[in-house]
>>> print(open('query.txt').read())   # compact mmCIF, C-alpha atoms
# COMPACT_ATOMS: atom_id res chain seq x y z
CA MET A 1 0.00 0.00 0.00
CA THR A 2 1.56 3.28 -1.08
CA THR A 3 0.89 6.68 0.47
CA ASP A 4 -0.54 9.35 -1.81
CA PRO A 5 2.21 11.39 -3.48
CA GLN A 6 2.55 15.07 -2.65
CA SER A 7 1.01 17.13 -5.42
CA PHE A 8 2.64 20.03 -7.18
CA ALA A 9 1.05 23.47 -6.79
CA ARG A 10 -1.26 24.70 -9.53
CA PRO A 11 -0.26 27.95 -11.27
CA ARG A 12 -1.84 31.06 -9.79
CA PRO A 13 -4.34 32.78 -12.13
CA GLY A 14 -2.74 34.93 -14.83
CA THR A 15 0.80 33.66 -14.26
CA GLN A 16 0.78 31.35 -17.26
CA PRO A 17 -0.32 32.36 -20.76
CA PRO A 18 -3.76 31.30 -22.00
CA TYR A 19 -4.13 28.90 -24.91
CA LEU A 20 -6.30 31.24 -27.00
CA TYR A 21 -4.67 34.61 -27.55
CA PRO A 22 -5.83 36.01 -30.90
CA ASP A 23 -3.04 38.59 -31.14
CA TYR A 24 -0.84 35.53 -31.63
CA ALA A 25 -2.59 34.37 -34.76
CA SER A 26 -1.67 30.69 -34.81
CA THR A 27 -3.36 30.11 -31.44
CA VAL A 28 -6.74 30.65 -33.10
CA LYS A 29 -6.82 27.20 -34.73
CA ARG A 30 -4.68 25.39 -32.19
CA ALA A 31 -6.08 26.35 -28.79
CA PRO A 32 -8.46 23.78 -27.31
CA LYS A 33 -12.02 25.09 -26.93
CA ARG A 34 -13.18 22.68 -24.23
CA ALA A 35 -12.33 23.19 -20.59
CA LEU A 36 -9.33 21.22 -19.35
CA ILE A 37 -10.13 18.29 -17.09
CA PRO A 38 -8.76 18.74 -13.58
CA PHE A 39 -7.18 15.71 -11.96
CA GLU A 40 -5.38 15.26 -8.67
CA HIS A 41 -1.76 14.25 -8.96
CA THR A 42 -0.75 10.62 -8.87
CA LEU A 43 2.61 8.90 -9.40
CA SER A 44 2.12 9.61 -13.11
CA GLU A 45 2.24 13.37 -12.55
CA VAL A 46 4.86 13.64 -9.79
CA THR A 47 7.46 11.32 -11.27
CA GLY A 48 9.38 12.21 -14.41
CA PRO A 49 12.54 11.38 -16.38
CA VAL A 50 15.76 11.64 -14.38
CA PHE A 51 18.80 12.99 -16.22
CA SER A 52 21.53 12.99 -13.57
CA GLU A 53 23.27 10.02 -15.18
CA ARG A 54 23.57 11.96 -18.43
CA TRP A 55 21.83 9.41 -20.61
CA ALA A 56 20.69 12.43 -22.70
CA GLY A 57 24.30 12.97 -23.78
CA PRO A 58 27.23 15.10 -22.61
CA ASP A 59 26.84 18.75 -21.65
CA ALA A 60 27.15 21.18 -24.56
CA THR A 61 27.38 24.58 -22.90
CA ASP A 62 29.74 26.49 -25.22
CA LEU A 63 27.90 27.44 -28.41
CA THR A 64 30.84 29.56 -29.64
CA THR A 65 33.34 26.77 -30.26
CA GLN A 66 31.26 24.14 -32.06
CA HIS A 67 32.80 24.94 -35.46
CA LYS A 68 36.17 25.85 -36.96
CA GLY A 69 35.86 29.61 -36.50
CA THR A 70 34.32 31.97 -34.00
CA PRO A 71 30.72 33.01 -34.66
CA LEU A 72 29.90 36.65 -35.35
CA GLY A 73 28.10 38.69 -32.72
CA GLU A 74 28.29 39.61 -29.07
CA ARG A 75 29.57 36.87 -26.82
CA ILE A 76 27.24 36.45 -23.81
CA ILE A 77 27.11 34.26 -20.73
CA VAL A 78 23.63 33.05 -19.83
CA ALA A 79 23.47 31.59 -16.33
CA GLY A 80 21.15 31.11 -13.44
CA ARG A 81 19.56 28.74 -11.00
CA VAL A 82 16.81 26.22 -11.57
CA GLN A 83 14.62 26.35 -8.45
CA ASP A 84 11.07 25.81 -7.38
CA GLU A 85 8.73 28.52 -6.14
CA GLU A 86 9.90 27.89 -2.57
CA GLY A 87 13.43 28.69 -3.66
CA ARG A 88 14.63 25.09 -3.37
CA PRO A 89 17.30 24.23 -5.96
CA VAL A 90 16.50 21.70 -8.67
CA ALA A 91 19.67 19.69 -9.20
CA GLY A 92 20.37 17.17 -11.92
CA THR A 93 17.69 18.28 -14.35
CA LEU A 94 18.15 18.66 -18.11
CA ILE A 95 18.06 22.10 -19.74
CA GLU A 96 17.90 22.34 -23.54
CA LEU A 97 18.65 25.62 -25.34
CA TRP A 98 18.17 26.78 -28.90
CA GLN A 99 18.35 30.15 -30.63
CA CYS A 100 18.99 32.02 -33.87
CA ASN A 101 22.31 33.67 -34.72
CA ALA A 102 23.35 37.32 -34.27
CA ALA A 103 21.73 38.27 -37.60
CA GLY A 104 18.39 36.74 -36.58
CA ARG A 105 18.55 33.55 -38.65
CA TYR A 106 17.92 30.03 -37.32
CA HIS A 107 19.98 27.08 -38.46
CA HIS A 108 16.78 25.32 -39.48
CA PRO A 109 15.43 24.51 -42.97
CA VAL A 110 12.09 26.23 -42.28
CA ASP A 111 13.73 29.59 -41.59
CA GLN A 112 14.07 31.42 -44.90
CA HIS A 113 14.44 34.91 -43.45
CA ASP A 114 16.75 37.09 -45.55
CA ALA A 115 19.58 37.23 -43.03
CA PRO A 116 22.86 35.37 -43.38
CA LEU A 117 23.57 31.99 -41.83
CA ASP A 118 26.76 31.89 -39.81
CA PRO A 119 28.90 28.85 -40.75
CA ASN A 120 30.39 29.03 -37.25
CA PHE A 121 27.12 28.97 -35.33
CA THR A 122 24.45 26.27 -34.99
CA GLY A 123 22.67 27.55 -31.90
CA ALA A 124 21.82 24.46 -29.80
CA GLY A 125 23.08 23.42 -26.39
CA GLN A 126 22.20 21.37 -23.34
CA VAL A 127 23.31 21.01 -19.74
CA VAL A 128 22.35 19.12 -16.59
CA SER A 129 21.91 21.51 -13.66
CA GLY A 130 24.51 21.31 -10.88
CA PRO A 131 23.96 20.22 -7.27
CA ASP A 132 22.94 23.79 -6.37
CA GLY A 133 20.62 24.06 -9.37
CA PHE A 134 23.04 26.25 -11.32
CA TYR A 135 23.52 26.20 -15.08
CA ARG A 136 25.72 28.28 -17.43
CA PHE A 137 25.97 28.67 -21.19
CA LEU A 138 28.38 30.70 -23.34
CA THR A 139 26.73 31.83 -26.56
CA ILE A 140 26.12 34.75 -28.94
CA LYS A 141 23.38 37.32 -28.43
CA PRO A 142 20.58 36.38 -30.84
CA GLY A 143 19.17 39.01 -33.19
CA ALA A 144 15.52 39.98 -33.53
CA TYR A 145 13.74 38.46 -36.51
CA PRO A 146 10.58 39.13 -38.51
CA TRP A 147 7.62 36.77 -38.51
CA ARG A 148 4.32 36.78 -40.36
CA ASN A 149 2.01 37.18 -37.37
CA SER A 150 1.05 40.67 -38.56
CA PRO A 151 2.56 43.31 -40.91
CA ASN A 152 6.04 44.40 -39.80
CA ALA A 153 6.00 42.00 -36.84
CA TRP A 154 9.34 41.21 -35.19
CA ARG A 155 10.14 38.80 -32.38
CA PRO A 156 12.27 40.40 -29.66
CA ALA A 157 15.72 38.82 -29.24
CA HIS A 158 15.13 35.60 -27.34
CA ILE A 159 16.67 32.27 -26.36
CA HIS A 160 14.47 29.16 -26.14
CA LEU A 161 14.99 27.17 -22.95
CA GLY A 162 13.37 23.89 -21.95
CA VAL A 163 13.72 22.31 -18.51
CA PHE A 164 12.22 19.17 -16.95
CA GLY A 165 12.22 19.56 -13.18
CA PRO A 166 11.42 16.80 -10.70
CA GLY A 167 8.05 15.65 -12.05
CA PHE A 168 6.28 15.26 -15.38
CA VAL A 169 4.08 18.26 -14.62
CA THR A 170 6.95 20.58 -13.69
CA ARG A 171 8.03 20.59 -17.36
CA LEU A 172 8.64 24.11 -18.66
CA VAL A 173 9.52 25.34 -22.14
CA THR A 174 9.94 29.09 -22.23
CA GLN A 175 11.81 31.96 -23.89
CA MET A 176 14.35 34.24 -22.26
CA TYR A 177 14.30 37.90 -23.29
CA PHE A 178 16.75 40.76 -22.83
CA PRO A 179 16.24 43.85 -20.64
CA GLY A 180 15.31 47.09 -22.36
CA ASP A 181 14.30 45.47 -25.64
CA PRO A 182 11.85 47.88 -27.31
CA LEU A 183 10.17 45.01 -29.16
CA LEU A 184 8.80 43.48 -25.94
CA GLY A 185 5.96 46.00 -25.86
CA TYR A 186 4.83 44.88 -29.31
CA ASP A 187 5.29 41.11 -28.98
CA PRO A 188 2.07 39.14 -28.42
CA ILE A 189 3.94 36.02 -27.30
CA PHE A 190 5.65 37.94 -24.49
CA GLN A 191 2.51 39.97 -23.68
CA SER A 192 0.25 36.92 -23.49
CA THR A 193 0.90 36.32 -19.79
CA ALA A 194 -1.53 38.59 -17.94
CA ASP A 195 0.31 39.00 -14.63
CA ALA A 196 2.98 41.73 -14.90
CA ASP A 197 5.25 40.15 -12.27
CA ALA A 198 5.08 36.83 -14.11
CA ARG A 199 5.99 38.53 -17.40
CA GLU A 200 8.99 40.14 -15.68
CA ARG A 201 10.20 36.61 -14.88
CA LEU A 202 10.80 36.10 -18.64
CA ILE A 203 13.30 38.95 -18.92
CA SER A 204 16.92 38.20 -18.06
CA GLN A 205 18.91 40.66 -15.99
CA TYR A 206 22.25 42.14 -16.95
CA ASP A 207 24.62 40.96 -14.23
CA PRO A 208 28.06 42.64 -14.08
CA MET A 209 29.22 39.86 -11.72
CA LEU A 210 28.55 37.32 -14.50
CA SER A 211 30.29 39.40 -17.17
CA GLU A 212 33.90 38.53 -17.83
CA ALA A 213 36.15 41.48 -18.63
CA GLU A 214 37.05 41.82 -22.32
CA TRP A 215 35.29 38.54 -23.03
CA ALA A 216 31.53 38.34 -22.56
CA LEU A 217 28.56 40.15 -21.07
CA GLY A 218 26.64 38.18 -18.48
CA TYR A 219 22.87 37.76 -18.27
CA ARG A 220 21.26 36.12 -15.26
CA PHE A 221 18.12 34.04 -15.89
CA ASP A 222 16.67 31.87 -13.14
CA LEU A 223 14.12 29.22 -14.05
CA VAL A 224 11.40 28.95 -11.40
CA LEU A 225 9.38 25.73 -11.52
CA ARG A 226 6.20 24.63 -9.77
CA GLY A 227 6.69 23.78 -6.11
CA ARG A 228 4.80 21.37 -3.88
CA ALA A 229 1.27 22.16 -2.80
CA ALA A 230 1.13 22.96 0.94
CA THR A 231 -1.43 20.26 1.65
CA PRO A 232 -2.79 17.55 -0.61
CA ALA A 233 -5.91 19.64 -1.23
CA ASP A 234 -4.09 22.97 -1.68
CA PRO A 235 -4.33 24.14 -5.28
CA GLY A 236 -1.46 26.60 -4.68
CA MET B 1 2.19 32.72 0.09
CA ALA B 2 3.93 36.13 -0.19
CA ASP B 3 7.29 34.41 0.18
CA LYS B 4 6.78 32.20 -2.82
CA LEU B 5 8.50 33.04 -6.09
CA ILE B 6 6.38 33.37 -9.21
CA PRO B 7 7.06 30.40 -11.49
CA THR B 8 8.43 31.22 -14.92
CA PRO B 9 5.65 31.43 -17.53
CA ALA B 10 5.68 29.06 -20.47
CA GLN B 11 6.21 30.33 -24.01
CA THR B 12 5.63 28.59 -27.31
CA VAL B 13 8.30 26.24 -28.68
CA GLY B 14 7.93 28.05 -32.00
CA PRO B 15 8.54 26.56 -35.47
CA PHE B 16 12.28 25.86 -35.09
CA PHE B 17 12.27 23.60 -32.04
CA HIS B 18 13.91 20.71 -33.93
CA LEU B 19 17.18 22.67 -33.62
CA GLY B 20 17.20 22.12 -29.86
CA MET B 21 14.81 19.25 -29.27
CA ALA B 22 15.16 16.79 -32.17
CA ARG B 23 15.98 13.30 -30.83
CA PRO B 24 14.74 10.80 -33.41
CA GLU B 25 16.18 7.93 -31.36
CA TRP B 26 13.84 8.81 -28.48
CA SER B 27 10.80 7.69 -30.46
CA ASP B 28 11.80 4.11 -29.65
CA LEU B 29 11.49 3.42 -25.93
CA THR B 30 12.47 -0.24 -26.48
CA SER B 31 16.03 0.41 -27.65
CA ASP B 32 17.53 -1.25 -24.56
CA ASN B 33 15.30 -4.34 -24.82
CA PRO B 34 13.00 -3.86 -21.85
CA ALA B 35 10.61 -6.52 -20.56
CA GLY B 36 7.03 -6.42 -21.75
CA GLU B 37 4.70 -6.44 -24.73
CA ARG B 38 5.98 -4.36 -27.61
CA VAL B 39 3.44 -1.93 -29.03
CA ALA B 40 3.58 0.72 -31.72
CA ILE B 41 1.42 3.84 -31.48
CA GLU B 42 0.68 5.90 -34.57
CA GLY B 43 -1.41 8.98 -34.99
CA ARG B 44 -1.79 12.50 -36.26
CA VAL B 45 -1.93 15.89 -34.62
CA ILE B 46 -4.80 17.90 -36.12
CA ASP B 47 -5.89 21.52 -35.72
CA GLY B 48 -9.27 23.25 -35.57
CA ASP B 49 -9.62 23.19 -39.37
CA GLY B 50 -8.97 19.45 -39.44
CA ALA B 51 -5.58 20.23 -40.97
CA PRO B 52 -2.42 18.37 -39.99
CA VAL B 53 0.00 20.01 -37.54
CA PRO B 54 3.44 19.34 -39.08
CA ASP B 55 5.29 21.28 -36.39
CA ALA B 56 4.29 19.61 -33.14
CA ILE B 57 6.43 17.61 -30.76
CA ILE B 58 5.14 15.04 -28.29
CA GLU B 59 6.76 13.81 -25.09
CA LEU B 60 5.82 10.54 -23.44
CA TRP B 61 6.28 9.36 -19.86
CA GLN B 62 5.20 5.94 -18.72
CA ALA B 63 5.67 3.14 -16.23
CA ASN B 64 7.33 -0.17 -17.13
CA ALA B 65 5.48 -3.38 -17.92
CA ALA B 66 4.96 -4.04 -14.19
CA GLY B 67 3.49 -0.55 -13.65
CA ARG B 68 6.47 1.05 -11.91
CA TYR B 69 8.06 4.40 -12.85
CA ASN B 70 11.83 4.69 -13.16
CA HIS B 71 11.98 7.47 -10.57
CA PRO B 72 13.04 7.57 -6.89
CA ASP B 73 9.58 8.79 -5.77
CA ASP B 74 7.82 5.73 -7.14
CA SER B 75 7.17 3.93 -3.88
CA GLN B 76 5.53 0.85 -5.43
CA THR B 77 8.35 -1.35 -4.15
CA ASP B 78 6.28 -4.49 -4.64
CA LYS B 79 6.82 -3.99 -8.38
CA PRO B 80 10.20 -4.52 -10.02
CA LEU B 81 12.23 -1.76 -11.68
CA ASP B 82 13.44 -2.54 -15.19
CA PRO B 83 16.98 -1.15 -15.64
CA HIS B 84 16.44 -1.42 -19.41
CA PHE B 85 13.44 0.89 -19.43
CA ARG B 86 13.62 4.61 -18.79
CA GLY B 87 10.06 5.37 -19.74
CA PHE B 88 10.64 8.69 -21.52
CA GLY B 89 10.14 9.30 -25.23
CA ARG B 90 9.91 12.16 -27.68
CA VAL B 91 8.69 12.34 -31.25
CA ALA B 92 8.03 15.22 -33.68
CA THR B 93 5.25 15.14 -36.26
CA ASP B 94 6.12 14.84 -39.94
CA ALA B 95 4.93 17.01 -42.85
CA GLU B 96 1.55 15.25 -42.70
CA GLY B 97 1.20 15.76 -38.97
CA ARG B 98 1.90 12.07 -38.26
CA PHE B 99 3.93 10.50 -35.49
CA ARG B 100 4.93 6.97 -34.55
CA VAL B 101 6.48 5.61 -31.35
CA VAL B 102 7.46 2.12 -30.27
CA THR B 103 7.28 1.22 -26.61
CA ILE B 104 6.17 -1.50 -24.21
CA LYS B 105 2.67 -1.61 -22.79
CA PRO B 106 2.78 -0.03 -19.33
CA GLY B 107 1.36 -1.94 -16.40
CA PRO B 108 -1.34 -0.46 -14.15
CA VAL B 109 -0.11 2.18 -11.70
CA SER B 110 -1.43 2.90 -8.19
CA GLY B 111 -3.68 5.92 -8.01
CA ARG B 112 -4.69 8.02 -5.02
CA GLY B 113 -6.17 6.14 -2.08
CA ASN B 114 -6.65 2.49 -2.96
CA ALA B 115 -7.45 3.16 -6.59
CA LEU B 116 -5.69 1.44 -9.46
CA GLN B 117 -5.11 3.38 -12.67
CA ALA B 118 -5.54 1.55 -15.95
CA PRO B 119 -2.43 1.30 -18.17
CA HIS B 120 -1.72 4.69 -19.71
CA ILE B 121 1.00 6.84 -21.24
CA ASN B 122 1.35 10.43 -20.04
CA ILE B 123 1.63 12.96 -22.87
CA ALA B 124 2.91 16.53 -23.14
CA LEU B 125 2.36 18.26 -26.49
CA PHE B 126 4.24 21.33 -27.74
CA ALA B 127 3.75 23.31 -30.95
CA ARG B 128 3.85 26.69 -32.62
CA GLY B 129 0.49 28.26 -31.73
CA LEU B 130 0.52 26.68 -28.27
CA LEU B 131 1.73 29.28 -25.78
CA ARG B 132 1.95 26.53 -23.18
CA HIS B 133 2.14 22.76 -23.67
CA LEU B 134 -0.94 20.56 -23.35
CA PHE B 135 -1.19 17.44 -21.18
CA THR B 136 -3.20 14.36 -22.04
CA ARG B 137 -3.01 10.59 -21.64
CA ILE B 138 -3.14 7.63 -24.01
CA TYR B 139 -5.21 4.69 -22.74
CA PHE B 140 -5.64 1.39 -24.57
CA ALA B 141 -9.19 0.76 -25.82
CA ASP B 142 -8.97 -3.01 -25.27
CA GLU B 143 -8.10 -2.78 -21.57
CA ALA B 144 -10.81 -4.04 -19.19
CA ALA B 145 -9.20 -2.01 -16.39
CA ASN B 146 -10.34 1.23 -18.09
CA ALA B 147 -13.74 0.78 -16.45
CA GLY B 148 -12.24 1.44 -13.01
CA ASP B 149 -9.74 4.12 -13.96
CA PRO B 150 -10.13 7.26 -11.78
CA LEU B 151 -9.39 9.78 -14.56
CA LEU B 152 -11.59 8.12 -17.18
CA SER B 153 -14.39 7.73 -14.64
CA SER B 154 -14.21 11.45 -13.83
CA ILE B 155 -14.91 12.48 -17.46
CA GLU B 156 -18.66 12.81 -17.89
CA ASP B 157 -18.66 13.56 -21.61
CA GLU B 158 -18.49 10.24 -23.44
CA ALA B 159 -16.82 11.67 -26.55
CA ALA B 160 -14.17 13.31 -24.39
CA ARG B 161 -13.57 10.04 -22.54
CA ARG B 162 -13.35 8.10 -25.80
CA SER B 163 -10.82 10.60 -27.16
CA LEU B 164 -8.28 9.16 -24.69
CA LEU B 165 -8.65 5.58 -25.92
CA ALA B 166 -6.22 4.31 -28.55
CA GLY B 167 -7.85 1.66 -30.72
CA ARG B 168 -5.97 -1.46 -31.68
CA ALA B 169 -5.52 -2.26 -35.37
CA GLN B 170 -6.88 -5.72 -36.11
CA GLY B 171 -4.64 -8.55 -37.17
CA ILE B 172 -1.33 -6.74 -36.75
CA SER B 173 1.46 -8.08 -34.60
CA PRO B 174 3.26 -6.67 -32.72
CA ALA B 175 0.26 -4.64 -31.58
CA LEU B 176 -0.40 -1.36 -33.35
CA TYR B 177 -2.57 1.27 -31.68
CA HIS B 178 -3.92 4.46 -33.19
CA PHE B 179 -4.19 7.76 -31.29
CA ASP B 180 -4.95 11.09 -32.91
CA ILE B 181 -4.49 14.35 -31.00
CA VAL B 182 -7.17 16.82 -32.08
CA LEU B 183 -6.33 20.27 -30.75
CA GLN B 184 -9.67 21.86 -31.42
CA GLY B 185 -13.19 21.30 -32.71
CA GLU B 186 -15.06 18.15 -33.52
CA ASN B 187 -13.54 15.15 -31.73
CA GLU B 188 -11.32 17.47 -29.70
CA THR B 189 -9.00 15.45 -27.47
CA ALA B 190 -9.53 15.76 -23.73
CA PHE B 191 -6.65 17.77 -22.25
CA LEU B 192 -5.79 17.77 -18.57
CA ASP B 193 -5.45 20.44 -15.91
CA ILE B 194 -2.64 18.81 -13.91
>>> encode(input="query.txt", output="structure tokens")
Amino acid sequence: MTTDPQSFARPRPGTQPPYLYPDYASTVKRAPKRALIPFEHTLSEVTGPVFSERWAGPDATDLTTQHKGTPLGERIIVAGRVQDEEGRPVAGTLIELWQCNAAGRYHHPVDQHDAPLDPNFTGAGQVVSGPDGFYRFLTIKPGAYPWRNSPNAWRPAHIHLGVFGPGFVTRLVTQMYFPGDPLLGYDPIFQSTADADARERLISQYDPMLSEAEWALGYRFDLVLRGRAATPADPG
Amino acid sequence: MADKLIPTPAQTVGPFFHLGMARPEWSDLTSDNPAGERVAIEGRVIDGDGAPVPDAIIELWQANAAGRYNHPDDSQTDKPLDPHFRGFGRVATDAEGRFRVVTIKPGPVSGRGNALQAPHINIALFARGLLRHLFTRIYFADEAANAGDPLLSSIEDEAARRSLLAGRAQGISPALYHFDIVLQGENETAFLDI
């Protein structure tokens, strides 16, 4: 006889984006129309893949030395701590990163934007978070790029980050943005989260302590995952 | 409550996720020869116009053939762990919105209280046009245990309940199941608030 597992907390209202958000045009045909079915967490929800033994492959944290030459653009360090909403570190979890190059072009066949590919930049990395939850990448600052959501629409510079966390339902795939980017005010993907404090969570912070003199600027970006519900019945 | 940090919001994976997430080898969960009945699951991801979604990616998480998860919090110690089965898979849809995975049939897993959950595969779905991923489950239509499953029993709408059942193709061995994921509209798949 097993005891009931401890549930994860549900997101507070407005702190996650909705599915339907018409300003982001492709949600119109892809957002479910029926209400989601609530279900209390079982072993299926609170367990999840464990990556500490690196079965997902070796760390790839330096995106600037994957080819013969050095990629064009500003070298940046992207680092932070994976933690839950109680501030507890999440160690040994897999983080996957992907991004476009400094000119705003993805190394992906679907991207036909008229900006040059960089033969020295692919734009993908991965790392398993350390015992204190920390992670660190060295990469190039991605450029903004146009998309066909509306006339003259541009995505703000962003880095895609995916992280697993302790359970299947702590899974998070998000985008990291840069402080002071004027495009954030126009971007429906960024704006879709109603709560202003939650939106702030998506913007990295320039951190002079992370910068390395004459080498790279440092941006701090913590990933905050769902924590445990206080009691089995607490929705968070 | 005031001391809690706000969790990071989700954002869409966008159209170029293959760059960071493509793992074709993860569509076969049997690569290390785990114990159990081999099954293939095929299907399509479909949008509100009935059109295929060629840029979706699906993640799978399941127990082993005995019904135990490969995770330290799975306290079902009466069931054996299978060191050859991790239980995690990932597959992207093709240009026609189709996907195919090969795995072993999961055993039943303990639910809350004394309940027993029918065999199922936990699903997370990501795509352009989805600001946040969607959760659902794949159940097997030919499983008698479905009648007592707590999640299936909680779904009043019969069409919604049926949307979680993968039908078995007749006369094919190893077993082939079919499971479409309909994002919106007629035959919309039941998605979970978990």
>>> residues_around(input="query.txt", residues="segment 76-81 of chain B", least_positions_apart="4", cutoff="9 Å", atoms="all atoms listed in the file", output="PDB file with C-alpha atoms, in the frame of the given file")
ATOM      1  CA  MET A   1       0.000   0.000   0.000  1.00  0.00           C
ATOM      2  CA  THR A   2       1.560   3.280  -1.080  1.00  0.00           C
TER       3      THR A   2
ATOM      4  CA  ASN B  64       7.330  -0.170 -17.130  1.00  0.00           C
ATOM      5  CA  ALA B  66       4.960  -4.040 -14.190  1.00  0.00           C
ATOM      6  CA  GLY B  67       3.490  -0.550 -13.650  1.00  0.00           C
ATOM      7  CA  ARG B  68       6.470   1.050 -11.910  1.00  0.00           C
ATOM      8  CA  TYR B  69       8.060   4.400 -12.850  1.00  0.00           C
ATOM      9  CA  ASN B  70      11.830   4.690 -13.160  1.00  0.00           C
ATOM     10  CA  PHE B  85      13.440   0.890 -19.430  1.00  0.00           C
ATOM     11  CA  VAL B 109      -0.110   2.180 -11.700  1.00  0.00           C
ATOM     12  CA  SER B 110      -1.430   2.900  -8.190  1.00  0.00           C
TER      13      SER B 110
END
>>> interface_residues(input="query.txt", of="chain B", to="chain A", cutoff="6 Å", atoms="only C-alpha atoms", output="list in words")
Lys4, Leu5, Pro7, Thr8, Pro9, Ala10, Gln11, Gly20, Asp47, Gly48, His71, Gly111, Arg112, Gly129, Leu131, Leu183, Gln184, Phe191, Leu192, Asp193 and Ile194 of chain B
>>> atom_distance(input="query.txt", atom1="atom CA of Pro108 of chain B", atom2="atom CA of Tyr177 of chain B")
17.7 Å
>>> residues_around(input="query.txt", residues="segment 149-163 of chain B", least_positions_apart="2", cutoff="10 Å", atoms="all atoms listed in the file", output="number ranges by chain")
A: 34, 37-40; B: 108, 111-112, 115-120, 136-139, 141, 144-147, 165-167, 179-182, 186-192
>>> closest_residue(input="query.txt", among="A:Pro13, A:Gly180, A:Pro71, A:Gly133", to="Gly165 of chain A", atoms="only C-alpha atoms")
A:Gly133
>>> decode(input="query.txt", residues="segment 185-214 of chain A", atoms="C-alpha atoms", output="tab-separated table (two decimals), in the first residue's frame")
chain	number	residue	atom	x	y	z
A	185	GLY	CA	5.96	46.00	-25.86
A	186	TYR	CA	4.83	44.88	-29.31
A	187	ASP	CA	5.29	41.11	-28.98
A	188	PRO	CA	2.07	39.14	-28.42
A	189	ILE	CA	3.94	36.02	-27.30
A	190	PHE	CA	5.65	37.94	-24.49
A	191	GLN	CA	2.51	39.97	-23.68
A	192	SER	CA	0.25	36.92	-23.49
A	193	THR	CA	0.90	36.32	-19.79
A	194	ALA	CA	-1.53	38.59	-17.94
A	195	ASP	CA	0.31	39.00	-14.63
A	196	ALA	CA	2.98	41.73	-14.90
A	197	ASP	CA	5.25	40.15	-12.27
A	198	ALA	CA	5.08	36.83	-14.11
A	199	ARG	CA	5.99	38.53	-17.40
A	200	GLU	CA	8.99	40.14	-15.68
A	201	ARG	CA	10.20	36.61	-14.88
A	202	LEU	CA	10.80	36.10	-18.64
A	203	ILE	CA	13.30	38.95	-18.92
A	204	SER	CA	16.92	38.20	-18.06
A	205	GLN	CA	18.91	40.66	-15.99
A	206	TYR	CA	22.25	42.14	-16.95
A	207	ASP	CA	24.62	40.96	-14.23
A	208	PRO	CA	28.06	42.64	-14.08
A	209	MET	CA	29.22	39.86	-11.72
A	210	LEU	CA	28.55	37.32	-14.50
A	211	SER	CA	30.29	39.40	-17.17
A	212	GLU	CA	33.90	38.53	-17.83
A	213	ALA	CA	36.15	41.48	-18.63
A	214	GLU	CA	37.05	41.82	-22.32
